[in-house]
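The block underneath contains the structure these notes are about, expressed in structure tokens.
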Amino acid sequence: MSIAGTENNSPERVPITSLLSKEELPKHVGVIMDGNGRWAKQRGLKRYEGHREGAKTFRRIAEYASEIGIRYITFYAFSSENWKRPQEEVNAILQLLREYLDEAESRQKENEEKGIRIRFVGDISKFPEDIKDKINEAHRLSEDKTRCTVSIAINYGGRQEIIKAVKDIAAKVQKGEMSIDEIDEAAVDSCLYTAGMPDADLIIRPSGEIRLSNFLTWQSVYAEFYYTNVLWPDFTTEDFDKALLDFAKRGRRFGGV
Ligand code: IPE
Ligand code: IPE
Ligand code: MG
């Protein structure tokens, strides 16, 4: 079986699965899919074309991550702040999301074989009804899959997520379902959009920017950060391997010695 996206690579490429053991792989990878606009600009295209190309990269990397044994991967697709963009661009991004959701439905059998669970993280209440319905359907169709959870962060902001958790906890305390002393890290964790997922181990940002831009604020406290100048539409499975190899060399101490 070929590994997704490796078909055109040089024959000497060593599969990452023979370079790194399962234990050396990050359990949860976060990917900030940045640089679509600049990619389009470099080619004299509309920003929208960059998003379309970026959506293809997303499909390739998601599939590849699941094949090599990454358990959780979360892609930042649309931030709480991205509504500030021109309406035309926001609409184009929503349209790409629709296309992906429609395809996920028709490709259910394939996803089933791959054991991919699709999960959307973020405040989806702001989206048009048809998109909300498709998201709920995508969740339902894949909820029992356990091999790889592919999360897509839309209308996501790390701070907004923490506010949501604080409100959920306050409501439980107000109803008498929980005491203040019971508020701990696990309690907050269980109220996040990412409830049930481990913290992010590795966060990858292409396009040369070295910031989080409100991504996985709570979950990234001990994440290793990897950045590259490659723009997201050009990001390949080889670039993903490079990030994994770099991650495997990091000495993680979590405050210990
Ligand atoms: C990331 O690419 C995609 C979204 C934020 C939706 P950008 O659109 O931010 O691309 P640049 O940063 O302008 O190149
Ligand atoms: C972060 O990229 C959001 C996504 C990739 C979805 P931005 O392009 O919005 O981030 P800033 O504005 O450069 O920090
Ligand atoms: Mg950007």
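Labels for the structure tokens follow display order: chains A, B, ..., residues from 1 in each chain, ligands from 1.
Residues of protein or nucleic acid lying within 7 Å of ligand 2, counting only C-alpha atoms and all ligand atoms, are A:Ile32, A:Met33, A:Asp34, A:Tyr76, A:Ala77, A:Phe78, A:Ser79, A:Glu81, A:Asn82, A:Arg211, A:Ser213.
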For the residues selected in the previous step, produce a file with C-alpha atoms as a compact mmCIF listing (two decimals), in the first residue's frame.
```txt
# COMPACT_ATOMS: atom_id res chain seq x y z
CA ILE A 32 -1.73 26.26 11.70
CA MET A 33 -2.55 26.22 7.99
CA ASP A 34 -1.06 29.60 7.08
CA TYR A 76 -6.54 25.48 12.32
CA ALA A 77 -8.80 26.39 9.40
CA PHE A 78 -10.63 29.55 10.50
CA SER A 79 -10.00 31.63 13.60
CA GLU A 81 -10.62 36.70 14.25
CA ASN A 82 -10.80 35.65 10.59
CA ARG A 211 3.20 32.88 16.67
CA SER A 213 -2.55 33.41 16.76
```
**Item:** At most 9 Å from ligand 3 (only C-alpha atoms and all ligand atoms): residue list as a list in words
**Value:** Met33, Asp34, Gly35, Asn36, Gly37, Arg38, Ser207 and Glu209 of chain A
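Picture a line from atom 7 (P, counted along the ligand's line) of ligand 1 to CA of Thr194 (chain A); it runs 23.4 Å.
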**Request:** Using only C-alpha atoms, determine which residues lie at most 9 Å from Trp218 (chain A), disregarding the query and same-chain residues fewer than 6 positions distant; provide the list as a ChimeraX atom specification.
**Result:** /A:158-159,161-162,189,192,199
Using only C-alpha atoms, determine which residues lie at most 10 Å from region 114-123 of chain A, disregarding the query and same-chain residues fewer than 4 positions distant; provide the list as a short mmCIF file (atom, residue, chain, number, x, y, z; two decimals) with N, CA and C atoms, in the first residue's frame.
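For reference, selection_4.cif as written:
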```cif
data_model
loop_
_atom_site.label_atom_id
_atom_site.label_comp_id
_atom_site.auth_asym_id
_atom_site.auth_seq_id
_atom_site.Cartn_x
_atom_site.Cartn_y
_atom_site.Cartn_z
N ALA A 62 -3.77 15.22 6.34
CA ALA A 62 -4.65 14.50 7.27
C ALA A 62 -4.56 13.00 7.00
N GLU A 63 -4.61 12.65 5.73
CA GLU A 63 -4.57 11.23 5.36
C GLU A 63 -3.21 10.62 5.73
N SER A 66 -2.77 10.03 9.48
CA SER A 66 -3.48 8.85 9.98
C SER A 66 -2.75 7.58 9.56
N GLU A 67 -2.19 7.58 8.36
CA GLU A 67 -1.48 6.38 7.89
C GLU A 67 -0.22 6.08 8.68
N ARG A 71 -2.20 9.87 16.35
CA ARG A 71 -3.52 9.58 16.93
C ARG A 71 -4.48 10.78 16.85
N TYR A 72 -3.91 11.97 17.03
CA TYR A 72 -4.74 13.18 17.01
C TYR A 72 -4.02 14.26 16.21
N THR A 74 -4.93 18.29 14.78
CA THR A 74 -5.90 19.37 14.77
C THR A 74 -5.44 20.47 13.82
N PHE A 75 -6.25 20.77 12.83
CA PHE A 75 -5.92 21.77 11.81
C PHE A 75 -6.67 23.07 12.10
N TYR A 76 -5.92 24.17 12.12
CA TYR A 76 -6.54 25.48 12.32
C TYR A 76 -6.98 25.98 10.95
N PHE A 78 -9.97 28.23 10.49
CA PHE A 78 -10.63 29.55 10.50
C PHE A 78 -10.70 30.03 11.94
N SER A 79 -10.06 31.16 12.20
CA SER A 79 -10.00 31.63 13.60
C SER A 79 -11.18 32.54 13.91
N SER A 80 -11.40 32.74 15.21
CA SER A 80 -12.46 33.66 15.65
C SER A 80 -12.24 35.05 15.05
N LEU A 101 -17.23 18.86 3.49
CA LEU A 101 -18.24 18.12 4.26
C LEU A 101 -19.04 17.18 3.35
N ALA A 104 -16.87 14.26 2.57
CA ALA A 104 -16.67 13.37 3.72
C ALA A 104 -17.84 12.40 3.84
N GLN A 108 -17.62 8.11 3.05
CA GLN A 108 -17.72 7.51 4.38
C GLN A 108 -17.07 6.13 4.47
N LYS A 109 -17.26 5.33 3.41
CA LYS A 109 -16.74 3.97 3.44
C LYS A 109 -15.21 3.96 3.54
N GLU A 110 -14.63 4.86 2.74
CA GLU A 110 -13.17 4.98 2.74
C GLU A 110 -12.66 5.41 4.12
N PHE A 127 -22.31 29.47 12.23
CA PHE A 127 -22.31 29.09 10.82
C PHE A 127 -23.72 28.91 10.26
N ILE A 135 -22.00 19.32 9.57
CA ILE A 135 -20.99 19.06 10.62
C ILE A 135 -21.51 17.99 11.58
N ASN A 136 -22.77 18.15 11.99
CA ASN A 136 -23.34 17.16 12.92
C ASN A 136 -23.38 15.78 12.29
N ALA A 138 -21.31 14.70 9.92
CA ALA A 138 -19.92 14.20 9.84
C ALA A 138 -19.49 13.63 11.20
N HIS A 139 -19.89 14.31 12.27
CA HIS A 139 -19.58 13.80 13.62
C HIS A 139 -20.24 12.44 13.84
N ARG A 140 -21.52 12.37 13.46
CA ARG A 140 -22.29 11.15 13.71
C ARG A 140 -21.71 9.96 12.93
N LEU A 141 -21.35 10.22 11.67
CA LEU A 141 -20.87 9.14 10.81
C LEU A 141 -19.53 8.56 11.27
N SER A 142 -18.75 9.35 11.99
CA SER A 142 -17.39 8.88 12.32
C SER A 142 -17.14 8.73 13.81
N GLU A 143 -18.18 8.90 14.63
CA GLU A 143 -17.94 8.99 16.08
C GLU A 143 -17.32 7.74 16.71
N ASP A 144 -17.51 6.58 16.06
CA ASP A 144 -16.98 5.36 16.68
C ASP A 144 -15.57 5.02 16.18
N LYS A 145 -14.97 5.88 15.37
CA LYS A 145 -13.63 5.58 14.85
C LYS A 145 -12.58 5.99 15.88
N THR A 146 -11.53 5.18 15.95
CA THR A 146 -10.57 5.45 17.03
C THR A 146 -9.12 5.54 16.56
N ARG A 147 -8.85 5.20 15.30
CA ARG A 147 -7.46 5.17 14.86
C ARG A 147 -6.82 6.56 14.87
N CYS A 148 -7.50 7.51 14.24
CA CYS A 148 -6.95 8.87 14.18
C CYS A 148 -8.09 9.88 14.23
N THR A 149 -7.98 10.82 15.14
CA THR A 149 -8.99 11.88 15.21
C THR A 149 -8.45 13.10 14.47
N VAL A 150 -9.13 13.44 13.37
CA VAL A 150 -8.75 14.63 12.61
C VAL A 150 -9.71 15.74 13.02
N SER A 151 -9.17 16.73 13.71
CA SER A 151 -10.02 17.84 14.13
C SER A 151 -9.77 19.05 13.24
N ILE A 152 -10.84 19.78 13.00
CA ILE A 152 -10.75 20.97 12.17
C ILE A 152 -11.27 22.12 13.03
N ALA A 153 -10.38 23.09 13.28
CA ALA A 153 -10.76 24.21 14.13
C ALA A 153 -11.36 25.32 13.27
N ILE A 154 -12.63 25.59 13.48
CA ILE A 154 -13.31 26.65 12.71
C ILE A 154 -14.04 27.57 13.69
N ASN A 155 -14.01 28.84 13.39
CA ASN A 155 -14.46 29.86 14.35
C ASN A 155 -13.90 29.49 15.72
N TYR A 156 -12.62 29.19 15.71
CA TYR A 156 -11.93 28.77 16.92
C TYR A 156 -11.02 29.88 17.44
N GLY A 157 -11.05 30.07 18.74
CA GLY A 157 -10.10 30.96 19.41
C GLY A 157 -9.81 30.34 20.76
N GLY A 158 -8.53 30.25 21.11
CA GLY A 158 -8.15 29.64 22.38
C GLY A 158 -8.74 30.37 23.58
N GLN A 160 -11.47 32.29 23.58
CA GLN A 160 -12.93 32.09 23.56
C GLN A 160 -13.27 30.70 24.12
N GLU A 161 -12.40 29.73 23.83
CA GLU A 161 -12.63 28.37 24.32
C GLU A 161 -12.52 28.32 25.85
N LYS A 164 -15.59 29.83 27.34
CA LYS A 164 -16.69 28.85 27.28
C LYS A 164 -16.58 27.86 28.45
N LEU A 192 -13.48 21.93 27.39
CA LEU A 192 -12.92 22.53 26.17
C LEU A 192 -13.52 21.83 24.94
N TYR A 193 -13.38 22.47 23.78
CA TYR A 193 -13.84 21.82 22.54
C TYR A 193 -13.06 20.52 22.32
N THR A 194 -11.84 20.48 22.82
CA THR A 194 -10.97 19.32 22.60
C THR A 194 -11.09 18.27 23.72
N ALA A 195 -12.16 18.34 24.49
CA ALA A 195 -12.32 17.40 25.62
C ALA A 195 -12.04 15.97 25.17
#
```
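Comparing the minimum interatomic distances between ligand 1 and each of A:Gln174, A:Gln42, A:Gln219, A:Ser125, counting only C-alpha atoms and all ligand atoms, we find that A:Gln42 sits nearest.
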**Asked** Taking only C-alpha atoms and all ligand atoms into account, which of A:Gly50, A:Gly196, A:Gly251, A:Gly44 comes nearest ligand 1?
**Response** A:Gly50
**Prompt:** If you measure from CA of Ala92 (chain A) to CA of Pro128 (chain A), what distance in Å do you get, rounded to one decimal?
**Reply:** 13.5 Å
**Selected residue, from A:Arg250, A:Pro206, A:Ala40, A:Pro15, that lies nearest to Asn229 (chain A) when counting only C-alpha atoms** = A:Pro206
